[in-house]
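*Asks:* Here you go, one structure.
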Amino acid sequence: MSQESVERFREIWGKWSGGKYPQNAKLGQFLTALEDQTHAASVSSSGDLRAVQCILLDSESVGAPSRLAIHEVTRCLGDEWSMEDTKDVNFVQAMLLAVRPKAPSLAELMVAGRAAQRGRNSQQSLIPKWLNSAQGEPRRAGGSNVPTVSFVPRSAPSFANFDAAVEYLLTNSHQDLRFSGFSSQLLTALDELNLAIGQEVDSKAAVDWGDASASRQTLQDNKKSQWNYAHFGSDLNILLSHLIKRITALGSSLKVELVLRRLTELQGNAHGFNIYGKDLVQTLVQIKSEILQTHHTRETQSWQQEYRRWAEAVTALVQPQALASAEQQLLWWGQSRYCSPLRCSYRTLRSNLIETVWWAAVEVAEIGKPLEFAPLSAFLVNALETLGLDVNEKKPASDWLASLGEILKADDDNIRKYVTPKDPLKSLAEKDALGLPVTWLRLKRTGELSSAVALNLELEIDLGEFSEWILGELLLDHRMAL
């Protein structure tokens with residue numbers, strides 16, 4: 001956890017809560033987990049999207065704490081985090097802003113979510129500023145040198161001592177042993193698991209049991225005792241729980257209550273090793289397997305991040321030509337005023353206002369994928385005005401969206417090809433379309449739109465602004481699919 005994140009959180013929370021600082025001893029742990037997740041999200045547009053959705057969410061809206069976007073983002077916080085009320089949502093939003101001082105670039109494309117946020121007066125001074133930070137400089141060439149990939153993979157934990165210790169435990173799992181008969185092997189296995197988790201964060205990390213140190217010391221002090229499970233089961237489960245929570249903070253989906261169910265049920269009973277030995281071995285092996293899986297996932301994410309850096313550098317070399325080509329195609333499209341998907345002139349579509357806007361946005365998004373959003377949206381609005389549409393006509397957003405929904409319902413192969421979103425946006429929006437009203441309509445979902453997207457759709461916007469809503473989400477779809 002960086003000190004900058006802590007300071008940013010204190011500043012944000014101080015403004016939002018009237019200066020009252022939350023008494024949460026786990027704040028550092030939560031910020032660290034979100035920082036780790038943010039590093040992974042930097043190579044994942046899906047993670048970026050969920051973070052923006054969480055920050056756009058009106059914390060006082062009905063069902064806000066139970067939104068799937070919130071739960072996907074807070075999953076890394078582990079079992080000690082609970083999402084119960086408005087304050088919890090605000091707390092997550094403040095932490096996200098603290099660990100993500102700059103909005104991901106796709107935030108700029110969520111025009112509807114930016115424009116139609118509900119309530120949250122105390123937050124309105126900061127959220128728009130954060131969202132606007134996503135608007136970058138125009139894309140330019142980055143030099144002429146051929147980029148190289150500098151990713152150096154880290155070796156997975158060897159678990160040499162662990163494997164020997166667990167083999168001993170398994171071999172003797174049918175024996176009615178007391179603690180002294182297997183304590184050395186058990187402590188070796190536990191320490192090696194803990195070290196492996198620590199080294200995922202810091203290669204120079206040493207064994208550190210943190211809050212569970214007292215339980216670790218208790219077992220160490222009584223290695224030669226004739227204890228049965230009733231004597232040390234509680235301390236053992238504290239140590240196992242500590243391991244699971246640490247690996248969960250790195251992205252694992254293990255649940256303490258599920259993994260330790262059997263060992264917890266036996267806790268307090270005067271059993272010998274033959275009763276719980278196999279359950280203990282199974283738990284240790286399961287944690288080891290999860291550590292290796294987490295290592296593999298994090299290495300893959302690091303590789304993806306380096307690959308994306310390389311790909312962006314390569315793109316920068318060829319981008320001037322790509323940008324020039326897109327700009328030329330747009331100028332030709334604007335002059336010809338021909339709708340390629342429908343193979344007709346836009347002049348023949350003017351009788352249906354929203355159909356014209358939809359197809360114009362579809363074509364501008366397709367041609368202008370490599371271009372900056374702000375000038376691209378200005379070009380679209382100007383093109384619609386040139387076609388004779390009154391881009392200043394105002395209606396509630398819900399009215400514009402209802403008209404668009406009717407257009408998108410048409411059961412036509414020509415339309416269906418352009419209507420259905422691509423993955424990953426499609427699968428993400430099917431689960432939670434927060435801030436994505438156009439995408440929700442493209443999915444042809446049933447239900448109440450305003451609740452599904454958690455936006456104030458009674459907000460009056462003009463036709464030009466509505467065309468930007470459509471264009472933004474179409475570009476979001478294209479860019480997430482890259």
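Letters A, B, ... go to the chains of the structure tokens in the order shown; residues in each chain start at 1; ligands are counted from 1 in the same order.
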For Thr348 (chain A), find every residue with an atom within 12 Å (counting only C-alpha atoms), except residues of its own chain fewer than 5 positions away, and show them as a list in words.
*Replies:*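 With the cut-off at 12 Å, the set is Arg337, Tyr338, Cys339, Leu342, Arg343, Leu353, Glu355, Thr356, Leu387 and Gly388 of chain A.
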*Asks:* Emit the selected residues as a PDB file, in the first residue's frame, including C-alpha atoms.
*Replies:*
ATOM      1  CA  ARG A 337     -24.038  10.833 -46.641  1.00  0.00           C
ATOM      2  CA  TYR A 338     -24.507   7.212 -47.620  1.00  0.00           C
ATOM      3  CA  CYS A 339     -25.544   4.520 -45.085  1.00  0.00           C
ATOM      4  CA  LEU A 342     -28.647  -0.238 -45.187  1.00  0.00           C
ATOM      5  CA  ARG A 343     -27.271   0.578 -48.651  1.00  0.00           C
ATOM      6  CA  LEU A 353     -35.055  10.676 -36.573  1.00  0.00           C
ATOM      7  CA  GLU A 355     -32.931   5.525 -36.911  1.00  0.00           C
ATOM      8  CA  THR A 356     -30.804   8.143 -38.665  1.00  0.00           C
ATOM      9  CA  LEU A 387     -28.509  16.148 -42.661  1.00  0.00           C
ATOM     10  CA  GLY A 388     -31.173  18.568 -41.442  1.00  0.00           C
TER      11      GLY A 388
END
*Asks:* Identify, on the basis of only C-alpha atoms, every residue whose closest approach to Gly210 (chain A) does not exceed 12 Å; exclude the query and any residue fewer than 6 positions from it along the same chain; express the result as a ChimeraX atom specification.
*Replies:* /A:29,194,198,216-217,238-239,242-243,245-246
*Asks:* Write out, as a short mmCIF file (atom, residue, chain, number, x, y, z; two decimals), in the first residue's frame, the residues just selected, with C-alpha atoms.
*Replies:*
data_model
loop_
_atom_site.label_atom_id
_atom_site.label_comp_id
_atom_site.auth_asym_id
_atom_site.auth_seq_id
_atom_site.Cartn_x
_atom_site.Cartn_y
_atom_site.Cartn_z
CA GLN A 29 -5.38 -4.11 4.16
CA ASN A 194 2.96 -18.33 4.40
CA GLY A 198 4.44 -13.24 1.00
CA ARG A 216 2.00 -19.54 15.69
CA GLN A 217 4.06 -19.00 18.84
CA ILE A 238 -6.47 -19.21 13.07
CA LEU A 239 -3.26 -19.88 11.12
CA HIS A 242 -4.77 -16.24 7.99
CA LEU A 243 -3.27 -18.03 4.98
CA LYS A 245 -7.27 -14.44 3.74
CA ARG A 246 -3.80 -13.48 2.49
#
*Asks:* What lies within 12 Å of Leu219 (chain A) using only C-alpha atoms, ignoring chain neighbours under 6 positions off, as a list in words?
*Replies:*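 The residues that qualify are Phe179, Ser180, Phe182, Ser183, Ser184, Gln185, Leu186, Leu187, Thr188, Leu190, Ala212, Ser213, Ser225, Gln226, Trp227, Tyr229, His231, Phe232, Gly233, Ser234, Asp235, Leu236, Asn237, Ile238 and Leu239 of chain A.
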*Asks:* Once you have the residues from the selection above, write them out as a PDB file, in the first residue's frame, restricted to C-alpha atoms.
*Replies:*
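Saved file part_36.pdb follows:
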ATOM      1  CA  PHE A 179       0.756 -33.103  18.657  1.00  0.00           C
ATOM      2  CA  SER A 180       4.397 -33.946  19.323  1.00  0.00           C
ATOM      3  CA  PHE A 182       3.743 -34.342  13.767  1.00  0.00           C
ATOM      4  CA  SER A 183       4.198 -30.757  15.041  1.00  0.00           C
ATOM      5  CA  SER A 184       7.514 -30.150  13.253  1.00  0.00           C
ATOM      6  CA  GLN A 185       6.128 -31.218   9.886  1.00  0.00           C
ATOM      7  CA  LEU A 186       2.921 -29.217  10.376  1.00  0.00           C
ATOM      8  CA  LEU A 187       4.759 -26.013  11.289  1.00  0.00           C
ATOM      9  CA  THR A 188       7.154 -26.464   8.361  1.00  0.00           C
ATOM     10  CA  LEU A 190       2.412 -23.772   7.419  1.00  0.00           C
ATOM     11  CA  ALA A 212      -1.821 -14.690  13.787  1.00  0.00           C
ATOM     12  CA  SER A 213       1.670 -14.559  15.354  1.00  0.00           C
ATOM     13  CA  SER A 225       3.323 -31.683  24.103  1.00  0.00           C
ATOM     14  CA  GLN A 226       0.903 -34.609  24.089  1.00  0.00           C
ATOM     15  CA  TRP A 227      -1.934 -32.379  22.951  1.00  0.00           C
ATOM     16  CA  TYR A 229      -7.063 -31.609  18.731  1.00  0.00           C
ATOM     17  CA  HIS A 231      -5.834 -28.275  22.769  1.00  0.00           C
ATOM     18  CA  PHE A 232      -4.559 -26.705  19.551  1.00  0.00           C
ATOM     19  CA  GLY A 233      -7.414 -26.829  16.981  1.00  0.00           C
ATOM     20  CA  SER A 234      -8.369 -23.210  17.605  1.00  0.00           C
ATOM     21  CA  ASP A 235      -4.838 -21.889  17.010  1.00  0.00           C
ATOM     22  CA  LEU A 236      -4.389 -24.123  13.950  1.00  0.00           C
ATOM     23  CA  ASN A 237      -7.564 -22.795  12.364  1.00  0.00           C
ATOM     24  CA  ILE A 238      -6.471 -19.208  13.067  1.00  0.00           C
ATOM     25  CA  LEU A 239      -3.258 -19.877  11.119  1.00  0.00           C
TER      26      LEU A 239
END
*Asks:* Determine, using only C-alpha atoms, which residues of region 298-378 of chain A have any atom at most 10 Å from an atom of region 469-480 of chain A, and tabulate each with its shortest atom pair and distance in Å to one decimal place, rows ordered by chain and then rising number, as CSV.
*Replies:*
residue,atom,partner,partner_atom,distance
A:Val357,CA,A:Ile470,CA,8.5
A:Trp358,CA,A:Ile470,CA,7.2
A:Ala360,CA,A:Leu471,CA,8.9
A:Ala361,CA,A:Leu471,CA,5.2
A:Val362,CA,A:Leu474,CA,6.9
A:Glu363,CA,A:Leu471,CA,9.4
A:Val364,CA,A:Leu471,CA,7.7
A:Ala365,CA,A:Leu475,CA,5.5
A:Glu366,CA,A:Leu475,CA,7.8
A:Gly368,CA,A:Leu475,CA,8.4
A:Lys369,CA,A:Leu475,CA,6.5
A:Pro370,CA,A:Arg479,CA,8.8
A:Leu371,CA,A:Leu475,CA,10.0
A:Phe373,CA,A:Gly472,CA,7.5
A:Ala374,CA,A:Gly472,CA,9.7
A:Leu376,CA,A:Leu471,CA,8.9
A:Ser377,CA,A:Leu471,CA,7.0
*Asks:* Output C-alpha atoms for every residue in the selection just made, as a tab-separated table (two decimals), in the first residue's frame.
*Replies:*
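Here's the written file again16.tsv:
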chain	number	residue	atom	x	y	z
A	357	VAL	CA	-28.92	8.92	-35.43
A	358	TRP	CA	-28.36	5.23	-34.69
A	360	ALA	CA	-24.81	7.46	-38.25
A	361	ALA	CA	-23.33	6.65	-34.80
A	362	VAL	CA	-22.71	3.03	-35.87
A	363	GLU	CA	-20.72	4.13	-38.92
A	364	VAL	CA	-18.78	6.91	-37.18
A	365	ALA	CA	-17.84	4.48	-34.36
A	366	GLU	CA	-16.68	1.85	-36.86
A	368	GLY	CA	-13.34	6.31	-36.06
A	369	LYS	CA	-12.19	3.53	-33.72
A	370	PRO	CA	-8.59	4.84	-33.52
A	371	LEU	CA	-9.60	8.51	-33.11
A	373	PHE	CA	-13.71	10.63	-28.70
A	374	ALA	CA	-14.27	14.39	-28.22
A	376	LEU	CA	-15.26	12.35	-33.12
A	377	SER	CA	-18.49	13.11	-31.26
*Asks:* What does the distance from CA of Val391 (chain A) to CA of Trp440 (chain A) come to in Å, to one decimal?
*Replies:*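 Taking CA of Val391 (chain A) and CA of Trp440 (chain A), their separation equals 23.6 Å.
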*Asks:* Could you give me, as a list in words, the residues within 12 Å of Glu448 (chain A), counting only C-alpha atoms and dropping anything in the same chain fewer than 3 positions from it?
*Replies:*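 Selected residues are Ser398, Ala402, Ala433, Pro437, Trp440, Leu441, Lys444, Arg445, Ser451, Ala452, Val453, Ala454, Leu455 and Leu457 of chain A.
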*Asks:* Can you pull out every residue from region 386-463 of chain A that DSSP, working from the backbone, puts in helix (DSSP H, G or I), and format the result as an mmCIF file with C-alpha atoms, in the first residue's frame?
*Replies:*
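Produced file result20.cif, reproduced below:
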data_model
loop_
_atom_site.group_PDB
_atom_site.id
_atom_site.type_symbol
_atom_site.label_atom_id
_atom_site.label_comp_id
_atom_site.auth_asym_id
_atom_site.auth_seq_id
_atom_site.Cartn_x
_atom_site.Cartn_y
_atom_site.Cartn_z
ATOM 1 C CA THR A 386 -25.906 18.841 -41.947
ATOM 2 C CA ALA A 397 -33.423 10.801 -21.944
ATOM 3 C CA SER A 398 -36.031 8.092 -21.307
ATOM 4 C CA ASP A 399 -38.004 9.263 -24.385
ATOM 5 C CA TRP A 400 -34.964 9.159 -26.662
ATOM 6 C CA LEU A 401 -34.034 5.716 -25.314
ATOM 7 C CA ALA A 402 -37.575 4.388 -25.778
ATOM 8 C CA SER A 403 -37.453 5.416 -29.449
ATOM 9 C CA LEU A 404 -34.048 3.782 -29.870
ATOM 10 C CA GLY A 405 -35.355 0.607 -28.238
ATOM 11 C CA GLU A 406 -38.031 0.315 -30.902
ATOM 12 C CA ILE A 407 -35.415 0.601 -33.668
ATOM 13 C CA LEU A 408 -33.218 -2.058 -32.089
ATOM 14 C CA ASP A 413 -30.225 -9.865 -39.988
ATOM 15 C CA ASN A 414 -28.807 -6.594 -41.267
ATOM 16 C CA ILE A 415 -29.638 -4.837 -38.003
ATOM 17 C CA ARG A 416 -28.840 -7.725 -35.664
ATOM 18 C CA LYS A 417 -25.239 -7.772 -36.855
ATOM 19 C CA TYR A 418 -24.723 -4.245 -35.510
ATOM 20 C CA VAL A 419 -27.033 -4.376 -32.502
ATOM 21 C CA LEU A 425 -18.872 -5.791 -22.834
ATOM 22 C CA LYS A 426 -21.757 -8.130 -23.665
ATOM 23 C CA SER A 427 -21.121 -10.564 -20.792
ATOM 24 C CA LEU A 428 -20.351 -7.763 -18.330
ATOM 25 C CA ALA A 429 -23.484 -5.782 -19.164
ATOM 26 C CA GLU A 430 -25.664 -8.890 -19.020
ATOM 27 C CA LYS A 431 -24.661 -9.196 -15.366
ATOM 28 C CA PRO A 437 -28.396 2.390 -21.116
ATOM 29 C CA VAL A 438 -27.606 2.024 -24.838
ATOM 30 C CA THR A 439 -25.821 -1.289 -24.265
ATOM 31 C CA TRP A 440 -28.763 -2.501 -22.154
ATOM 32 C CA LEU A 441 -31.112 -1.773 -25.066
ATOM 33 C CA ARG A 442 -28.749 -3.528 -27.497
ATOM 34 C CA LEU A 449 -34.329 0.453 -17.785
ATOM 35 C CA SER A 450 -33.808 3.184 -15.192
ATOM 36 C CA SER A 451 -33.258 0.651 -12.391
ATOM 37 C CA ALA A 452 -31.047 -1.571 -14.537
ATOM 38 C CA VAL A 453 -28.635 1.253 -15.332
ATOM 39 C CA LEU A 463 -30.568 15.101 -29.694
#
*Asks:* When you look at region 253-267 of chain A with a cut-off of 10 Å (counting only C-alpha atoms), what residues show up, excluding the ones that are within fewer than 2 positions of it in the same chain? I need them as a compact mmCIF listing (two decimals) with C-alpha atoms, in the first residue's frame.
*Replies:*
# COMPACT_ATOMS: atom_id res chain seq x y z
CA ARG A 75 -14.33 -9.51 -3.82
CA CYS A 76 -10.60 -8.96 -3.29
CA GLY A 78 -11.99 -10.95 1.57
CA ASP A 79 -14.44 -12.26 4.13
CA TYR A 229 -7.06 -31.61 18.73
CA ALA A 230 -9.04 -29.91 21.52
CA HIS A 231 -5.83 -28.27 22.77
CA PHE A 232 -4.56 -26.70 19.55
CA GLY A 233 -7.41 -26.83 16.98
CA SER A 234 -8.37 -23.21 17.61
CA ASP A 235 -4.84 -21.89 17.01
CA LEU A 236 -4.39 -24.12 13.95
CA ASN A 237 -7.56 -22.80 12.36
CA LEU A 240 -5.08 -21.58 8.24
CA SER A 241 -7.62 -18.77 8.12
CA HIS A 242 -4.77 -16.24 7.99
CA LEU A 243 -3.27 -18.03 4.98
CA ILE A 244 -6.59 -18.14 3.13
CA LYS A 245 -7.27 -14.44 3.74
CA ILE A 247 -4.15 -15.45 -0.72
CA THR A 248 -7.69 -14.12 -1.20
CA ALA A 249 -6.31 -10.58 -1.04
CA LEU A 250 -4.15 -11.48 -4.05
CA GLY A 251 -7.15 -12.53 -6.11
CA ASN A 269 -13.07 -32.32 20.45
CA ALA A 270 -10.30 -34.46 22.00
CA HIS A 271 -9.49 -36.29 18.76
CA ILE A 275 -9.68 -38.42 12.97
CA TYR A 276 -8.68 -35.12 11.35
CA GLY A 277 -5.33 -35.85 9.67
CA ASP A 279 -8.82 -33.26 6.37
CA LEU A 280 -5.79 -31.25 7.48
CA GLN A 282 -6.40 -31.87 2.11
CA THR A 283 -6.65 -28.27 3.37
CA LEU A 284 -2.88 -27.71 3.18
CA GLN A 286 -5.71 -27.00 -1.41
CA ILE A 287 -4.00 -23.82 -0.17
CA GLU A 290 -4.38 -21.99 -4.86
CA THR A 294 -2.62 -17.29 -8.11
*Asks:* Please measure the separation of CA of Glu312 (chain A) and CA of Lys422 (chain A), giving the value in Å to one decimal.
*Replies:* 21.9 Å
*Asks:* Excluding same-chain residues fewer than 2 positions from Leu56 (chain A), what lies within 9 Å of it counting only C-alpha atoms, as a PyMOL selection string?
*Replies:* chain A and resi 51-54+58-59+93+113-114+117-118+127+434-435
